[in-house]
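Q: Dumping the structure here so I can ask a few things about it.
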Amino acid sequence: MAKTTNKSSTKSKNNFLPLVIVNPKSASGSTEIRWARIASDLAKNLGAFEVEFTQSVGHATQLAKVAAQNGRRFIIACGGDGTINEVANGILQSGEKEAELGILPSGTGGDFRRSLNMSNTAREAAKNLRDGQTKTIDVGKVTFFNRQNQETSRYFLNVSSFGLSASINERVKKNGSLLAAWLPGDTLRGKAKFAISTLREVFDSEFTTVRVRIDDAEEKLLNTINFCVANARYFGGGMKIAPDARLDDGFFDVVNIGDIKTPKIMLNAFRLYNGSHLSLDEVKHKKARRVEVRPVNEKQIIHIETDGELPGRLPAIYEIVPKALKIRVPNSI
């Protein structure tokens with residue numbers, strides 16, 4: 001039986017129970033509507049659990065951090081990539097190495113769960129959580145300037161990027177509620193949002209020039225349509241941006257899409273979904289442990305995207321944190 005509680009700030013006698021942190025606004029609000037069915041599927045497979053509902057941006061991080069500090073050993077994020085990111089940040093900020101992350105997908109993009117081979121249905125995902133294995137994965141840490149112009153850091157599990165991807169995500173968030181009104185199904189809505197926004201942004205795209213230092217190499221000027229620092233393989237609603245990325249190899253996969261013209265982007269868009277884009281002359285790929293990026297013009301505002309969210313802007317420093325987080329994954333991974 002699921003138990004709703006708002007007392008995560010105190011020690012719980014039920015820390016052996018999983019805690020599910022639910023973002024009711026995820027999937028354009030349909031998670032809240034479908035929660036009873038999701039909870040039923042979860043209870044049938046995991047048994048008793050406790051649940052907390054997020055109330056604002058950043059709340060999932062706070063809930064997960066306090067829960068881990070109070071001894072909770074299995075914390076499940078129910079929502080999209082942004083919710084998963086927040087819960088992971090809470091666990092990592094707690095400093096508790098034994099806390100394990102679980103994923104119950106219910107969001108728009110669903111990119112991180114693709115790298116885990118996690119089902120996108122609640123029933124099958126619950127079985128994955130029940131029968132899966134515990135794996136210790138790398139995470140990324142990015143230091144950047146937030147919307148209040150303050151230098152800050154946060155962790156990411158999937159991909160952080162700037163350029164076309166940040167613009168697409170911004171457009172998706174603006175147009176999401178309109179699409180949700182007439183498109184059935186979370187998966188279809190998610191793909192449609194990214195596809196429509198991608199088409200619009202591609203036609204307006206121009207390359208940006210930045211300064212980049214990778215590991216101990218010299219800083220270089222780089223032209224980019226889209227620059228990705230990937231810990232996992234997918235982003236942008238199913239684009240296989242880093243097909244060679246592994247979650248436990250101790251490296252980022254850095255992928256830069258250079259000055260490529262709009263017609264060629266359109267003709268080769270399918271390559272982003274099957275991972276064959278790395279063969280294009282304008283696309284460069286490199287393994288790295290640390291990446292530093294800054295605008296050529298210090299006054300230029302270049303926003304970054306991190307696990308589907310838009311937390312701030314360049315300059316940014318990306319660092320891999322090896323073997324940082326325990327996570328429940330399907331046995332098939």
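Letters A, B, ... mark the chains of the structure tokens in the order given; residue numbers begin at 1 per chain; ligand numbers begin at 1, in order shown.
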For range 201-278 of chain A against range 287-298 of chain A, with a cut-off of 7 Å and counting only C-alpha atoms, what is the closest atom pair and its distance in Å to one decimal for every residue that makes the cut, ordered by chain and number, as JSON lines?

A:
```
{"residue": "A:Thr209", "atom": "CA", "partner": "A:Val296", "partner_atom": "CA", "distance": 6.4}
{"residue": "A:Val210", "atom": "CA", "partner": "A:Pro295", "partner_atom": "CA", "distance": 4.6}
{"residue": "A:Arg211", "atom": "CA", "partner": "A:Arg294", "partner_atom": "CA", "distance": 5.3}
{"residue": "A:Val212", "atom": "CA", "partner": "A:Val293", "partner_atom": "CA", "distance": 4.6}
{"residue": "A:Arg213", "atom": "CA", "partner": "A:Glu292", "partner_atom": "CA", "distance": 5.0}
{"residue": "A:Ile214", "atom": "CA", "partner": "A:Val291", "partner_atom": "CA", "distance": 4.7}
{"residue": "A:Asp215", "atom": "CA", "partner": "A:Arg290", "partner_atom": "CA", "distance": 4.9}
{"residue": "A:Phe251", "atom": "CA", "partner": "A:Arg289", "partner_atom": "CA", "distance": 5.1}
{"residue": "A:Phe252", "atom": "CA", "partner": "A:Ala288", "partner_atom": "CA", "distance": 5.2}
{"residue": "A:Asp253", "atom": "CA", "partner": "A:Lys287", "partner_atom": "CA", "distance": 4.8}
{"residue": "A:Val254", "atom": "CA", "partner": "A:Lys287", "partner_atom": "CA", "distance": 6.0}
```

Q: What lies within 9 Å of Val139 in chain A using only C-alpha atoms, ignoring chain neighbours under 6 positions off, as a PyMOL selection string?

A: chain A and resi 155-158+231+247-248+250+319-325

Q: Using the selection just defined, write its residues with N, CA and C atoms as a short mmCIF file (atom, residue, chain, number, x, y, z; two decimals), in the first residue's frame.

A:
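again.cif, freshly written:
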```
data_model
loop_
_atom_site.label_atom_id
_atom_site.label_comp_id
_atom_site.auth_asym_id
_atom_site.auth_seq_id
_atom_site.Cartn_x
_atom_site.Cartn_y
_atom_site.Cartn_z
N TYR A 155 24.80 18.60 -10.75
CA TYR A 155 25.13 17.33 -11.38
C TYR A 155 24.16 17.04 -12.52
N PHE A 156 24.60 16.25 -13.49
CA PHE A 156 23.70 15.78 -14.52
C PHE A 156 24.03 14.32 -14.85
N LEU A 157 23.01 13.59 -15.24
CA LEU A 157 23.15 12.17 -15.54
C LEU A 157 23.26 11.92 -17.04
N ASN A 158 22.61 12.76 -17.82
CA ASN A 158 22.41 12.47 -19.22
C ASN A 158 23.32 13.31 -20.12
N ASN A 231 27.07 12.16 -20.96
CA ASN A 231 27.37 11.03 -20.08
C ASN A 231 26.61 9.80 -20.57
N LEU A 247 27.88 4.75 -19.39
CA LEU A 247 27.63 5.40 -18.11
C LEU A 247 28.66 5.08 -17.04
N ASP A 248 29.59 4.19 -17.34
CA ASP A 248 30.55 3.78 -16.32
C ASP A 248 31.98 3.70 -16.82
N GLY A 250 34.07 6.43 -17.12
CA GLY A 250 34.91 7.50 -16.58
C GLY A 250 35.18 8.63 -17.55
N GLU A 319 32.93 18.46 -15.54
CA GLU A 319 33.85 17.49 -14.95
C GLU A 319 33.12 16.16 -14.74
N ILE A 320 33.77 15.07 -15.14
CA ILE A 320 33.18 13.75 -14.91
C ILE A 320 33.46 13.33 -13.47
N VAL A 321 32.46 12.76 -12.82
CA VAL A 321 32.62 12.24 -11.47
C VAL A 321 32.41 10.73 -11.55
N PRO A 322 33.48 9.95 -11.58
CA PRO A 322 33.35 8.51 -11.81
C PRO A 322 32.68 7.78 -10.64
N LYS A 323 31.89 6.77 -10.97
CA LYS A 323 31.30 5.86 -9.99
C LYS A 323 30.66 6.62 -8.83
N ALA A 324 29.79 7.56 -9.15
CA ALA A 324 29.27 8.48 -8.13
C ALA A 324 27.90 8.12 -7.60
N LEU A 325 27.11 7.34 -8.36
CA LEU A 325 25.69 7.17 -8.00
C LEU A 325 25.25 5.73 -8.24
#
```

Q: Let me make sure I understand: among A:Gln69, A:Asn256, A:Ser332, A:Thr54, which one has the smallest atom-to-atom distance to Leu278 in chain A if we use only C-alpha atoms?

A: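 Closest to Leu278 in chain A, using only C-alpha atoms: A:Asn256.
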
Q: DSSP says helix (DSSP H, G or I) for which residues of range 200-251 of chain A? Put them as a list in words?

A: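 Everything in range 200-251 of chain A that counts as helix (DSSP H, G or I) is Arg200, Glu201, Val202, Phe203 and Asp204 of chain A.
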
Q: For the selection you just gave me, I'd like the residues written to a file as a compact mmCIF listing (two decimals), in the first residue's frame, keeping C-alpha atoms.

A:
```txt
# COMPACT_ATOMS: atom_id res chain seq x y z
CA ARG A 200 11.47 25.83 -36.34
CA GLU A 201 14.85 26.29 -34.70
CA VAL A 202 16.81 24.69 -37.53
CA PHE A 203 15.58 27.28 -40.00
CA ASP A 204 16.68 30.07 -37.63
```

Q: Taking 4 positions as the minimum chain separation for residues in the same chain, which residues sit within 9 Å of Asn15 in chain A when counting only C-alpha atoms? Answer as a list in words.

A: Lys11, Leu19, Ala67, Asn70, Gly71, Arg72, Arg73 and Phe74 of chain A

Q: Counting only C-alpha atoms, what is within 12 Å of His303 in chain A, bar same-chain residues fewer than 4 positions away, as a PyMOL selection string?

A: chain A and resi 144-147+149+160-170+208+226-227+293-295+309-316

Q: Could you check which of A:Ser56, A:Asn117, A:Ser30, A:Thr143 is closest to Gly79 in chain A, using only C-alpha atoms?

A: A:Ser30

Q: Could you name the residues that touch Glu98 in chain A at 8 Å or less, counting only C-alpha atoms, but leaving out those on the same chain fewer than 2 positions away, as a PDB file with N, CA and C atoms, in the first residue's frame?

A:
```pdb
ATOM      1  N   ARG A  73      17.107   4.378   1.679  1.00  0.00           N
ATOM      2  CA  ARG A  73      18.055   3.668   0.830  1.00  0.00           C
ATOM      3  C   ARG A  73      17.595   3.492  -0.608  1.00  0.00           C
ATOM      4  N   GLU A  96      25.397  10.641   0.886  1.00  0.00           N
ATOM      5  CA  GLU A  96      25.115   9.275   1.327  1.00  0.00           C
ATOM      6  C   GLU A  96      25.374   8.306   0.161  1.00  0.00           C
ATOM      7  N   GLU A 100      20.148   4.664  -3.240  1.00  0.00           N
ATOM      8  CA  GLU A 100      20.041   4.203  -4.619  1.00  0.00           C
ATOM      9  C   GLU A 100      18.892   4.910  -5.328  1.00  0.00           C
ATOM     10  N   LYS A 326      24.555   5.173  -7.224  1.00  0.00           N
ATOM     11  CA  LYS A 326      23.926   3.868  -7.397  1.00  0.00           C
ATOM     12  C   LYS A 326      22.571   4.044  -8.050  1.00  0.00           C
TER      13      LYS A 326
END
```

Q: Please extract the residues of range 47-141 of chain A with a backbone DSSP assignment of strand (DSSP E or B) and present them as a PyMOL selection string.

A: chain A and resi 49-53+74-79+100-105+133-141

Q: Give me, please, the distance in Å between CA of Asn23 in chain A and CA of Arg113 in chain A, quoted to one decimal.

A: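 Rounded to one decimal, the two atoms are 16.3 Å apart.
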
Q: Hey, can you check how far CA of Ile38 in chain A sits from CA of Tyr234 in chain A?

A: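 CA of Tyr234 in chain A lies at a distance of 24.8 Å from CA of Ile38 in chain A.
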
Q: Pick from A:Ile21, A:Ala27, A:Ile84, A:Ala48: nearest to Ser106 in chain A, with only C-alpha atoms counted?

A: A:Ala27

Q: State, in Å with one decimal place, the distance from CA of Leu63 in chain A to CA of Gln93 in chain A.

A: 11.3 Å

Q: Considering only C-alpha atoms, can you say which of A:Leu280, A:Ile103, A:Ala43, A:Ile257 comes closest to Thr121 in chain A?

A: A:Ile103

Q: Have a look at A:Ala125, A:Ala232, A:Leu101, A:Ile265 and name the one nearest to Asp249 in chain A; count only C-alpha atoms.

A: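 The answer is A:Ala232, which sits nearest to Asp249 in chain A.
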
Q: Skip Lys127 in chain A itself and residues of its chain fewer than 2 positions away, then list as a compact mmCIF listing (two decimals) with C-alpha atoms, in the first residue's frame all residues within 9 Å of it, counting only C-alpha atoms.

A:
```txt
# COMPACT_ATOMS: atom_id res chain seq x y z
CA ASP A 41 1.23 -0.85 -10.82
CA LEU A 42 4.09 0.07 -8.50
CA ASN A 45 5.43 -5.07 -8.07
CA LEU A 46 7.27 -3.43 -5.17
CA ALA A 122 4.65 2.34 -15.48
CA ARG A 123 3.80 -1.35 -15.28
CA GLU A 124 6.93 -2.56 -17.05
CA ALA A 125 9.14 0.04 -15.35
CA LEU A 129 12.63 -1.76 -10.49
CA ARG A 130 11.60 -5.02 -8.82
CA ASP A 131 13.76 -7.41 -10.82
CA GLY A 132 16.62 -5.14 -11.85
CA PRO A 330 17.05 -3.58 -15.89
```
